[in-house]
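Student: The structure follows.
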Amino acid sequence: MFIADQERLSGEIVALAGRYGRDRSALLPILQTVQSRYHHISDYAMQEVASLLNIHPVEVYSVVTFYAFLKARRQGQFVIRLCRTISCDMQGKERVARQLENELGVKFGQTTADGKFTLEWANCLGMCDQGPALLVNDQVFSKVTAEKVHDILEACRRSFSVYASQKEGH
Amino acid sequence: MSALKGPILFGDFMPEAGLARALAMTRGDVISEVRASGLKGRGGAGFLTGMKWNIAAAAQGNRKFVVCNADEGEPGTFKDRVLLASYPDLVFEGMTIAGYAIGAGSGIMYLRGEYGYLLPGLEETLNARRRGRLLGEAVSGKKDFSFDIEIRLGSGAYVCGEETALIESLEGHRGEPRNRPPFPVNTGYLGCPTIVNNVETLALAARVMSEGAEWFKKIGTGKSTGSKLFSVSGDCERPGVYELPMGITIAQLLKEVGGEEAKAVQVGGASGHCVPAAQFSRALAFEDIPTGGSVIVFGKERDMLLAAKNFMEFFAEESCGQCTPCRYGTKVLLEGIEKLESGKCSMTYLKELLALGETMQLASKCGLGQSAPNAFISIAANFKDEVLGRERCFEGRGQ
């Protein structure tokens with residue numbers, strides 16, 4: 001990481017500590033914000049948070065590795081979490097899963113080479129009456145079919161790809 | 001989805017009537033009213049709400065907290081999502097009443113990370129309540145009562161639905177359950193007396209305060225008063241959230257949702273029990289089958305062993321890893337289920353697995369490990385012909 005980037009990250013973490021406080025109970029809100037802005041929590045970020053909250057960096061690492069939504073390894077700009085729990089399973093999540101893999105060219109647990117998409121399993125998303133369900137970052141999609149997968153991904157791509165928006169005109 | 005209608009929560013009522021009536025009473029009388037209603041915790045454990053409030057009210061502490069457990073992660077449960085999306089004011093009203101009753105100044109809603117999309121709407125509701133003086137200094141003009149609510153997000157850990165793990169998480173730690181006692185009512189968030197109540201419980205408490213304990217007790221059974229929200233999914237015509245009186249039988253519920261053809265129903269989610277058709281006359285109530293409200297319907301064609309496998313995969317993944325019976329037991333049971341699936345499990349070994357399940361029920365530290373084997377044990381007991389002697393196949397896929 002360049003020094004300028006590190007300084008910017010440090011500044012943001014100081015600002016977050018200003019907002020959430022420097023008690024240990026501020027740890028998760030700070031980490032959640034870093035995760036959503038940087039798509040991961042780097043070693044450097046963990047050390048900065050630790051020194052601000054006056055705890056050992058290993059304490060921060062132990063928290064990051066405990067929670068499914070916090071990651072030490074960089075994730076894609078869009079994290080897709082497909083529910084694999086019983087009701088979504090019974091409503092055909094397997095086909096949706098295969099189609100997601102086909103469209104993205106990665107397996108579950110992997111990130112696309114361009115760093116745009118991460119594909120993950122999730123445990124019960126609480127959309128059991130409208131499965132199969134998936135989350136794209138914070139947004140929930142229900143009654144997803146293999147066919148709908150493409151549209152969901154295209155909507156994501158439209159936010160960064162000129163090509164995708166041109167194709168839309170056909 | 002079903003249209004929302006029901007006797008207590010999904011009905012017509014005066015907003016904030018419960019809070020107004022509570023604030024006109026003494027704290028002790030509010031707790032007595034909730035006790036008299038017989039309201040029990042709707043997260044599944046069924047502890048008497050009034051008793052919990054009473055202990056916290058009596059506990060010594062400069063600061064006290066009301067925590068709303070909105071970490072709804074039990075497979076097949078989504079009633080709190082519906083409640084938070086459709087009746088957020090009622091839930092916050094219940095939290096405020098609880099705060100008044102126990103003498104707390106702060107409320108925290110622990111909202112599961114998966115429901116992050118509900119956060120903007122909930123924050124807006126809180127702001128509107130602050131503007132309407134329903135939160136903040138001197139709530140509704142009551143001089144000696146100040147109360148505010150903040151929302152904290154979870155980060156994708158099922159175990160944080162356990163109240164002590166939830167508190168650990170609020171304090172910035174790994175969500176590992178604590179030993180109990182001490183209970184949160186004495187030593188909770190930041191060491192202060194804390195009540196942790198389910199979303200539905202708090203909403204019901206607000207309705208109890210508005211209509212009175214006697215009215216509430218008219219619905220439900222003697223030991224399970226009031227109504228219950230059921231999250232119904234799986235093989236039925238009308239999945240969704242239903243508000244029905246406590247004590248309704250499984251058969252009645254299945255008729256309501258169009259699932260009469262079911263061969264089994266999983267009550268209480270992954271941590272609950274699998275009930276075969278022969279027992280559909282049993283009642284959903286604390287005295288018969290207690291439940292947090294998850295009802296998953298299995299049609300005739302469903303392979304029950306694969307259901308047991310899905311549940312066990314869930315627990316193996318979500319075990320916090322702190323205690324051995326749960327961390328290791330869930331893995332061994334999952335391997336056992338895979339053995340059964342591929343038709344390579346002897347009756348002797350199945351008995352060993354069931355004995356391990358009992359050990360986990362007895363020796364695990366928290367409710368997660370204690371209930372992890374339930375689904376497997378009840379499926380193995382009720383569906384022996386589906387579980388044993390399956391056709392051998394490659395890759396462990398029993399299709």
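Identifiers for the structure tokens are assigned positionally: chains receive A, B, ... in sequence, residues are indexed from 1 per chain, and ligands are indexed from 1 in the order shown.
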Based on the backbone DSSP call, show me all residues of chain A assigned alpha helix (DSSP H), as a PyMOL selection string.
Tutor: chain A and resi 3-20+27-38+43-53+57-66+86-90+93-104+146-157+162-167
Student: Write down, as a VMD selection string, each residue of chain A that has any atom within 7 Å of an atom of chain B, counting only C-alpha atoms.
Tutor: chain A and resid 24 to 28 63 66 to 70 85 to 87 90 123 to 129 138 to 139
Student: So how far away is atom CA of Ile8 of chain B from atom CA of Gly38 of chain B, in Å?
Tutor: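 Answer for the atom CA of Gly38 of chain B to atom CA of Ile8 of chain B separation: 14.6 Å.
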Student: Compile the contact shell of Gln279 of chain B as an MDAnalysis selection string: residues with an atom at most 10 Å away, counting only C-alpha atoms, same-chain residues fewer than 3 positions apart removed.
Tutor: chainID B and resid 249:251 264:265 275:276 282:283
Student: Could you please take those selected residues and save C-alpha atoms as a PDB file, in the first residue's frame?
Tutor:
ATOM      1  CA  THR B 249     -52.403 -27.863  16.457  1.00  0.00           C
ATOM      2  CA  ILE B 250     -50.032 -28.601  13.614  1.00  0.00           C
ATOM      3  CA  ALA B 251     -52.951 -29.993  11.594  1.00  0.00           C
ATOM      4  CA  ALA B 264     -43.469 -34.102   8.328  1.00  0.00           C
ATOM      5  CA  VAL B 265     -43.048 -30.645   9.763  1.00  0.00           C
ATOM      6  CA  VAL B 275     -42.709 -33.953  13.782  1.00  0.00           C
ATOM      7  CA  PRO B 276     -44.099 -36.794  11.614  1.00  0.00           C
ATOM      8  CA  ARG B 282     -49.980 -31.990  18.818  1.00  0.00           C
ATOM      9  CA  ALA B 283     -50.207 -28.362  19.868  1.00  0.00           C
TER      10      ALA B 283
END
Student: Could you pull the residues within 8 Å of Ala45 of chain A, counting only C-alpha atoms, minus those fewer than 4 positions along the same chain, as a list in words?
Tutor: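 What passes the distance filter is Leu9, Ser10, Ile13, Ile41 and Val49 of chain A.
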Student: Could you give me, as a PyMOL selection string, the residues within 12 Å of Ser36 of chain A, counting only C-alpha atoms and dropping anything in the same chain fewer than 2 positions from it?
Tutor: (chain A and resi 29-34+38-41+69-71+74-79+137-138) or (chain B and resi 113+116+155)
Student: Calculate how many Å separate atom CA of Thr221 of chain B from atom CA of Gly247 of chain B, rounding to one decimal.
Tutor: 5.9 Å
Student: What does the distance between atom CA of Ala58 of chain B and atom CA of Ile102 of chain B come to in Å, to one decimal place?
Tutor: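 A separation of 7.8 Å between them.
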Student: As a ChimeraX atom specification, please: every residue in segment 33-260 of chain B that DSSP puts in strand (DSSP E).
Tutor: /B:65-70,106-111,148-153,194-198,227-234,240-245
Student: Write out as a list in words which residues come within 8 Å of Cys83 of chain A when counting only C-alpha atoms, dropping same-chain ones fewer than 6 positions away.
Tutor: Asp89, Lys93, Trp121, Ala122, Asn123, Cys124, Leu125, Pro132, Ala133 and Leu134 of chain A
Student: Export, as a compact mmCIF listing (two decimals), in the first residue's frame, the selected residues with N, CA and C atoms.
Tutor:
# COMPACT_ATOMS: atom_id res chain seq x y z
N ASP A 89 -33.02 -24.26 -0.14
CA ASP A 89 -32.54 -25.49 -0.75
C ASP A 89 -33.70 -26.24 -1.40
N LYS A 93 -32.21 -23.81 -4.79
CA LYS A 93 -31.03 -22.95 -4.77
C LYS A 93 -29.86 -23.55 -5.58
N TRP A 121 -21.58 -18.57 -0.01
CA TRP A 121 -22.79 -19.14 0.57
C TRP A 121 -23.17 -18.32 1.79
N ALA A 122 -24.46 -18.25 2.07
CA ALA A 122 -24.91 -17.65 3.32
C ALA A 122 -25.81 -18.65 4.02
N ASN A 123 -25.86 -18.57 5.34
CA ASN A 123 -26.85 -19.34 6.08
C ASN A 123 -28.10 -18.48 6.21
N CYS A 124 -29.22 -19.15 6.42
CA CYS A 124 -30.56 -18.55 6.38
C CYS A 124 -30.61 -17.02 6.36
N LEU A 125 -31.14 -16.49 5.25
CA LEU A 125 -31.26 -15.03 5.10
C LEU A 125 -32.60 -14.52 5.59
N PRO A 132 -35.62 -19.21 -3.87
CA PRO A 132 -34.29 -19.00 -3.31
C PRO A 132 -33.96 -17.51 -3.18
N ALA A 133 -33.19 -17.17 -2.16
CA ALA A 133 -32.88 -15.77 -1.91
C ALA A 133 -31.38 -15.55 -1.92
N LEU A 134 -30.98 -14.35 -2.31
CA LEU A 134 -29.57 -13.99 -2.22
C LEU A 134 -29.44 -12.51 -1.87
